[in-house]
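A.B. asks: Structure incoming, see below.
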Amino acid sequence: MSAGSHLKRLNEPQRRAAAYGRPLPGRGVHAGPLLIVAGAGTGKTNTLAHRVAHLLIHGVDPARILMLTFTRRAAAEMRRRAADIAAGALGPGRAPGGAALGQRLAWAGTFHSIANRLLRHHATALRLDPQFTVLDRGDAADVLDALRTELGLAQKEQRFPRKDTCLQIYSHRVNTRGALRATLEGQFPWCAHWEETLTGLYRAYVERKQRESLLDYDDLLLYWHVMMSDARLAARIGAQFDHVLVDEYQDTNTLQADILHALKPDGAGMVVVGDDAQSIYSFRAASVENILGFPDRFTPRAEVITLAQNYRSTQPILDLANAVMAEAPRQYRKDLHAERGSGARPRLVTVADLRQQAECVCDEVLRRREANVPLRRQGVLFRSSSHSDVLEIELARRGIPFVKYGGLRFLDAGHVKDLLALLRWADNPRNALAASRVLQLLPGMGPVNARRVFERLEGLGARLGALRELEPPAGAAANWPALVDLLTELAAPDCPWPGQVERARLWYQPHFERLYEQAHTRGGDLEQLTLLSGQFPSRERFLTELALDPPAAAGDLSGPPALDEDYLVLSTVHSAKGMEWDTVYLLNVVDGSFPSEFAAGRAELLEEERRLFYVALTRAQNDLLLFAPLKFFLSGQHRHGDAHVYGGRSRFLTDTVLAHLQTVAPAVTVGGEHSIPPTLEPQLDVGARLRDMW
């Protein structure tokens, strides 16, 4: 195959990005820092995969390429595509098979999973136990909750934040590297007067984690950041990699950006891909400044290549999105142009209220279904989850099946947490949280007795074998020997990993059936966990990867079986990022709803709302309908009450933006019959007559 043939399917900017740099005479590619600004639907994943393949084709060692993503699935997909492209370009006999080549891209993963690997490797230099346990979000919140109780914060006369809020505050402060006061005033103003108390809680939280060799999500990045602040360690880790590629760079937080800069201070081999117009996660501490300021972090300045050829939407939809973003004060300016050509103009549908909005959406959904647009190819988007409440009722009334994105994760199911706690305690005998959960599975063992058992075990050196020397409470005596035998077996250094989950499940089964209703239904989750364990080489990798990137919910959250072959998709805009539909309906495009009322008065939040609006618009492939209710009824009144407020037009719908929309109104319903739809052009020029009176 001829040189560069692997790039033939790319457009010109994509080719420049994928082949950026200078091939070295022997093996490898020399390249400075590069920012790929990839507009919505412009093929950024394909471009990044071709970049990796280009490096492999020119002899770069796969083990010296670091790829950072935000999900494990994205990393796996990147490995697969890059390996396929490279194998196809090199031809048979010149490279191992695509799968083998993909497996050699060993340093591809999420920021947190890569941090976990590096921390375990360099644990001694950090005075960190290499057998540390990674807490998932639920377990971290439980540790905070236990400390809230121990410190007497749950009995305060005034409302003290609950465990999940405490964790969110802690996480935001750590990832922004700002002061706690700034986090409280900017994101949690109702908690601002608890600053001193929260400081004490977080100090106790850090001490508890360090004492028990526990790391939460934020610790993984924090420890990695601290490790990179040491010049020798930073140089050693940076020297492991010739090329560093980062996907969705606009979603990085301050810690992540600093870590990347410390990896490659001169930017050598650094390529980041992202879209400043899709930076919408500031509530997770993501900073749009990372991508806006990326080129200036290096000397000489990083190269910037913009991808603007859109393969998803028709041109009228892109014209609307371009007009919305053109009014942003600071951005990488790009005018998206459609590969697919023209199509229907987006519509702004003015409706009387939320009820009529729901009726119109249902009418449109059913009409398109009859025109061979399946329900699952239609998406209803909204700024906040509550905005779909009235619509959900109308969908149910009409028998239109739907799914709504959101809900608990697989690992939040109690029976799954029980089984994982067994493995976590065997993996780290100092894990008090896991120990407490496991011990309380036994009849007759409450939290007080569980704490006493664990404290006595610590006094014996935290050896699980020492459990045989302890006498359990009388109520737990019958089940005690089997638990001790299991833990001792699992904790043995020579215990093979294959089969451990199954052995733990067999011990847990009678307790599972005793503790949970509908055990036969929930049991599928435990079987799934057993099957998942076979995909990992060790217990540590299994537990860590599950904590960092859990699978979707299963039996514990299942509803009635889906008897319909199709379903409508309802989603918040945040959850819809990265997805696309033939037709998109955007609800409540009025001030206070879009943009959110909580963004009022803060320019940076309003600009993020603009970007969120842009993300919503660019999910549509062929048809886009924006709905603007005129009035909103007040809650707390009689069901026949008529108290309401009027919604103002969204500030994003300026005259320039409106020029790209077709403004329509649905038929007005009177007495159950549809009247003639109101027309846009006035039939009678009343204004002229009134002027003529004077």
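Quick note on naming: the chains in the structure tokens go A, B, ... in the order shown, residues restart at 1 in each chain, and ligands are numbered from 1 in order of appearance.
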Do a neighbour search on Phe188 of chain A at 10 Å with only C-alpha atoms, toss out local chain neighbours closer than 6 positions, and write the hits as a VMD selection string.

C.D. replies: chain A and resid 161 165 168 to 169 181 to 182

A.B. asks: Counting only C-alpha atoms, what are the residues of segment 60-166 of chain A within 9 Å of segment 233-246 of chain A, and for each of them which pair of atoms is the nearest and at what distance in Å, to one decimal? Sort the table by chain and rising number, as a Markdown table.

C.D. replies:
| residue | atom | partner | partner_atom | distance |
| --- | --- | --- | --- | --- |
| A:Val60 | CA | A:Asp242 | CA | 8.1 |
| A:Asp61 | CA | A:Asp242 | CA | 8.6 |
| A:Ala63 | CA | A:Phe241 | CA | 7.8 |
| A:Arg64 | CA | A:Phe241 | CA | 4.4 |
| A:Ile65 | CA | A:His243 | CA | 5.0 |
| A:Leu66 | CA | A:Val244 | CA | 4.8 |
| A:Met67 | CA | A:Leu245 | CA | 4.8 |
| A:Leu68 | CA | A:Val246 | CA | 4.8 |
| A:Thr69 | CA | A:Val246 | CA | 6.2 |
| A:Leu118 | CA | A:Ile237 | CA | 8.4 |
| A:His122 | CA | A:Leu233 | CA | 8.8 |
| A:Ala125 | CA | A:Leu233 | CA | 8.8 |

A.B. asks: Excluding Val569 of chain A and residues on its chain fewer than 6 positions from it, collect all residues at most 12 Å away from it, counting only C-alpha atoms, and give them as a count of residues only.

C.D. replies: 29

A.B. asks: Report as an mmCIF file with C-alpha atoms, in the first residue's frame all protein, DNA and RNA residues lying within 8 Å of Gln131 of chain A, evaluated on only C-alpha atoms, omitting residues in the same chain fewer than 5 positions from it.

C.D. replies:
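Result file part.cif:
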data_model
loop_
_atom_site.group_PDB
_atom_site.id
_atom_site.type_symbol
_atom_site.label_atom_id
_atom_site.label_comp_id
_atom_site.auth_asym_id
_atom_site.auth_seq_id
_atom_site.Cartn_x
_atom_site.Cartn_y
_atom_site.Cartn_z
ATOM 1 C CA ARG A 120 0.624 1.615 42.092
ATOM 2 C CA SER A 213 -5.237 2.911 52.494
ATOM 3 C CA ASP A 427 -7.769 -7.222 48.814
ATOM 4 C CA ASN A 428 -7.133 -4.640 51.549
#

A.B. asks: Choose the residue, out of A:Ala179, A:Ala421, A:Leu515, A:Val416, that has the smallest atom-to-atom separation from Thr530 of chain A; count only C-alpha atoms.

C.D. replies: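 Closest candidate: A:Val416.
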
A.B. asks: Rounded to one decimal in Å, what is the spacing between atom CA of Leu543 of chain A and atom CA of Arg424 of chain A?

C.D. replies: 7.2 Å

A.B. asks: If we count only C-alpha atoms, what is near Arg430 of chain A at a cut-off of 12 Å, once residues fewer than 3 positions away on the same chain are taken out, given as JSON, numbers by chain?

C.D. replies: {"A": [129, 131, 132, 133, 208, 209, 210, 211, 212, 213, 214, 424, 425, 426, 427, 433, 434, 435, 436, 454, 455, 456, 457, 458, 459, 460, 461, 462, 463, 464]}

A.B. asks: Hey, which of A:Arg522, A:Arg203, A:Arg27, A:Thr656 ends up closest to His58 of chain A? Count only C-alpha atoms.

C.D. replies: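 Nearest to His58 of chain A: A:Arg27.
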
A.B. asks: Hey, what's within 9 Å of Leu526 of chain A if we count only C-alpha atoms and toss same-chain stuff fewer than 6 positions away? As number ranges by chain, please?

C.D. replies: A: 415-416, 419, 505

A.B. asks: Taking only C-alpha atoms into account, which of A:Arg602, A:His172, A:His54, A:Arg347 comes nearest Val664 of chain A?

C.D. replies: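 For Val664 of chain A, the nearest of the candidates is A:Arg347.
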
A.B. asks: Quick one: pick out all alpha helix (DSSP H) residues within segment 100-279 of chain A from a backbone DSSP run and write them as number ranges by chain.

C.D. replies: A: 100-104, 111-121, 137-150, 163-176, 180-187, 195-211, 217-228, 231-238, 254-263

A.B. asks: Neighbours of segment 484-494 of chain A within 9 Å (only C-alpha atoms; same-chain residues fewer than 3 positions away dropped), as a ChimeraX atom specification?

C.D. replies: /A:422-423,425-429,463-468,480-481,497,500,503-504,507

A.B. asks: Write the selection just made, keeping N, CA, C and O atoms, as a compact mmCIF listing (two decimals), in the first residue's frame?

C.D. replies:
# COMPACT_ATOMS: atom_id res chain seq x y z
N LEU A 422 -16.87 -7.94 49.89
CA LEU A 422 -16.12 -9.15 50.25
C LEU A 422 -14.75 -9.16 49.58
O LEU A 422 -13.72 -9.42 50.21
N LEU A 423 -14.75 -8.88 48.28
CA LEU A 423 -13.50 -8.90 47.53
C LEU A 423 -12.59 -7.75 47.95
O LEU A 423 -11.36 -7.91 47.99
N TRP A 425 -12.41 -6.30 50.90
CA TRP A 425 -11.81 -6.55 52.22
C TRP A 425 -10.68 -7.57 52.08
O TRP A 425 -9.63 -7.43 52.69
N ALA A 426 -10.89 -8.59 51.24
CA ALA A 426 -9.81 -9.56 51.01
C ALA A 426 -8.61 -8.89 50.36
O ALA A 426 -7.46 -9.26 50.64
N ASP A 427 -8.85 -7.90 49.53
CA ASP A 427 -7.77 -7.22 48.81
C ASP A 427 -7.03 -6.25 49.71
O ASP A 427 -5.82 -6.04 49.55
N ASN A 428 -7.74 -5.64 50.66
CA ASN A 428 -7.13 -4.64 51.55
C ASN A 428 -7.71 -4.83 52.95
O ASN A 428 -8.78 -4.31 53.26
N PRO A 429 -7.03 -5.59 53.82
CA PRO A 429 -7.57 -5.89 55.15
C PRO A 429 -7.82 -4.65 56.01
O PRO A 429 -8.55 -4.74 57.01
N ARG A 463 -4.48 -8.75 60.03
CA ARG A 463 -4.32 -9.98 59.24
C ARG A 463 -5.66 -10.71 59.24
O ARG A 463 -6.21 -11.01 60.31
N LEU A 464 -6.19 -11.00 58.07
CA LEU A 464 -7.50 -11.63 58.03
C LEU A 464 -7.49 -13.02 58.67
O LEU A 464 -8.51 -13.47 59.20
N GLY A 465 -6.33 -13.67 58.63
CA GLY A 465 -6.23 -14.97 59.30
C GLY A 465 -6.45 -14.86 60.79
O GLY A 465 -6.86 -15.83 61.45
N ALA A 466 -6.20 -13.66 61.36
CA ALA A 466 -6.37 -13.47 62.80
C ALA A 466 -7.84 -13.46 63.21
O ALA A 466 -8.15 -13.48 64.41
N LEU A 467 -8.75 -13.43 62.24
CA LEU A 467 -10.18 -13.49 62.58
C LEU A 467 -10.51 -14.78 63.33
O LEU A 467 -11.47 -14.83 64.11
N ARG A 468 -9.71 -15.84 63.09
CA ARG A 468 -9.95 -17.11 63.79
C ARG A 468 -9.75 -16.97 65.30
O ARG A 468 -10.28 -17.75 66.08
N TRP A 480 -20.01 -17.59 61.40
CA TRP A 480 -18.67 -17.03 61.50
C TRP A 480 -17.59 -17.89 60.83
O TRP A 480 -16.78 -17.38 60.05
N PRO A 481 -17.52 -19.20 61.09
CA PRO A 481 -16.43 -20.00 60.51
C PRO A 481 -16.39 -19.95 58.98
O PRO A 481 -15.31 -19.87 58.39
N TRP A 497 -6.80 -15.88 40.89
CA TRP A 497 -7.92 -14.96 40.69
C TRP A 497 -9.12 -15.64 40.03
O TRP A 497 -10.25 -15.43 40.50
N GLN A 500 -12.59 -16.63 42.06
CA GLN A 500 -12.77 -15.97 43.36
C GLN A 500 -14.18 -15.38 43.49
O GLN A 500 -14.81 -15.48 44.55
N ARG A 503 -16.71 -18.14 44.17
CA ARG A 503 -16.63 -18.65 45.54
C ARG A 503 -17.28 -17.66 46.51
O ARG A 503 -17.99 -18.07 47.43
N ALA A 504 -17.02 -16.36 46.29
CA ALA A 504 -17.65 -15.35 47.15
C ALA A 504 -19.17 -15.35 46.96
O ALA A 504 -19.93 -15.20 47.93
N TRP A 507 -20.83 -18.23 48.90
CA TRP A 507 -20.96 -17.94 50.33
C TRP A 507 -22.07 -16.92 50.58
O TRP A 507 -22.85 -17.04 51.53
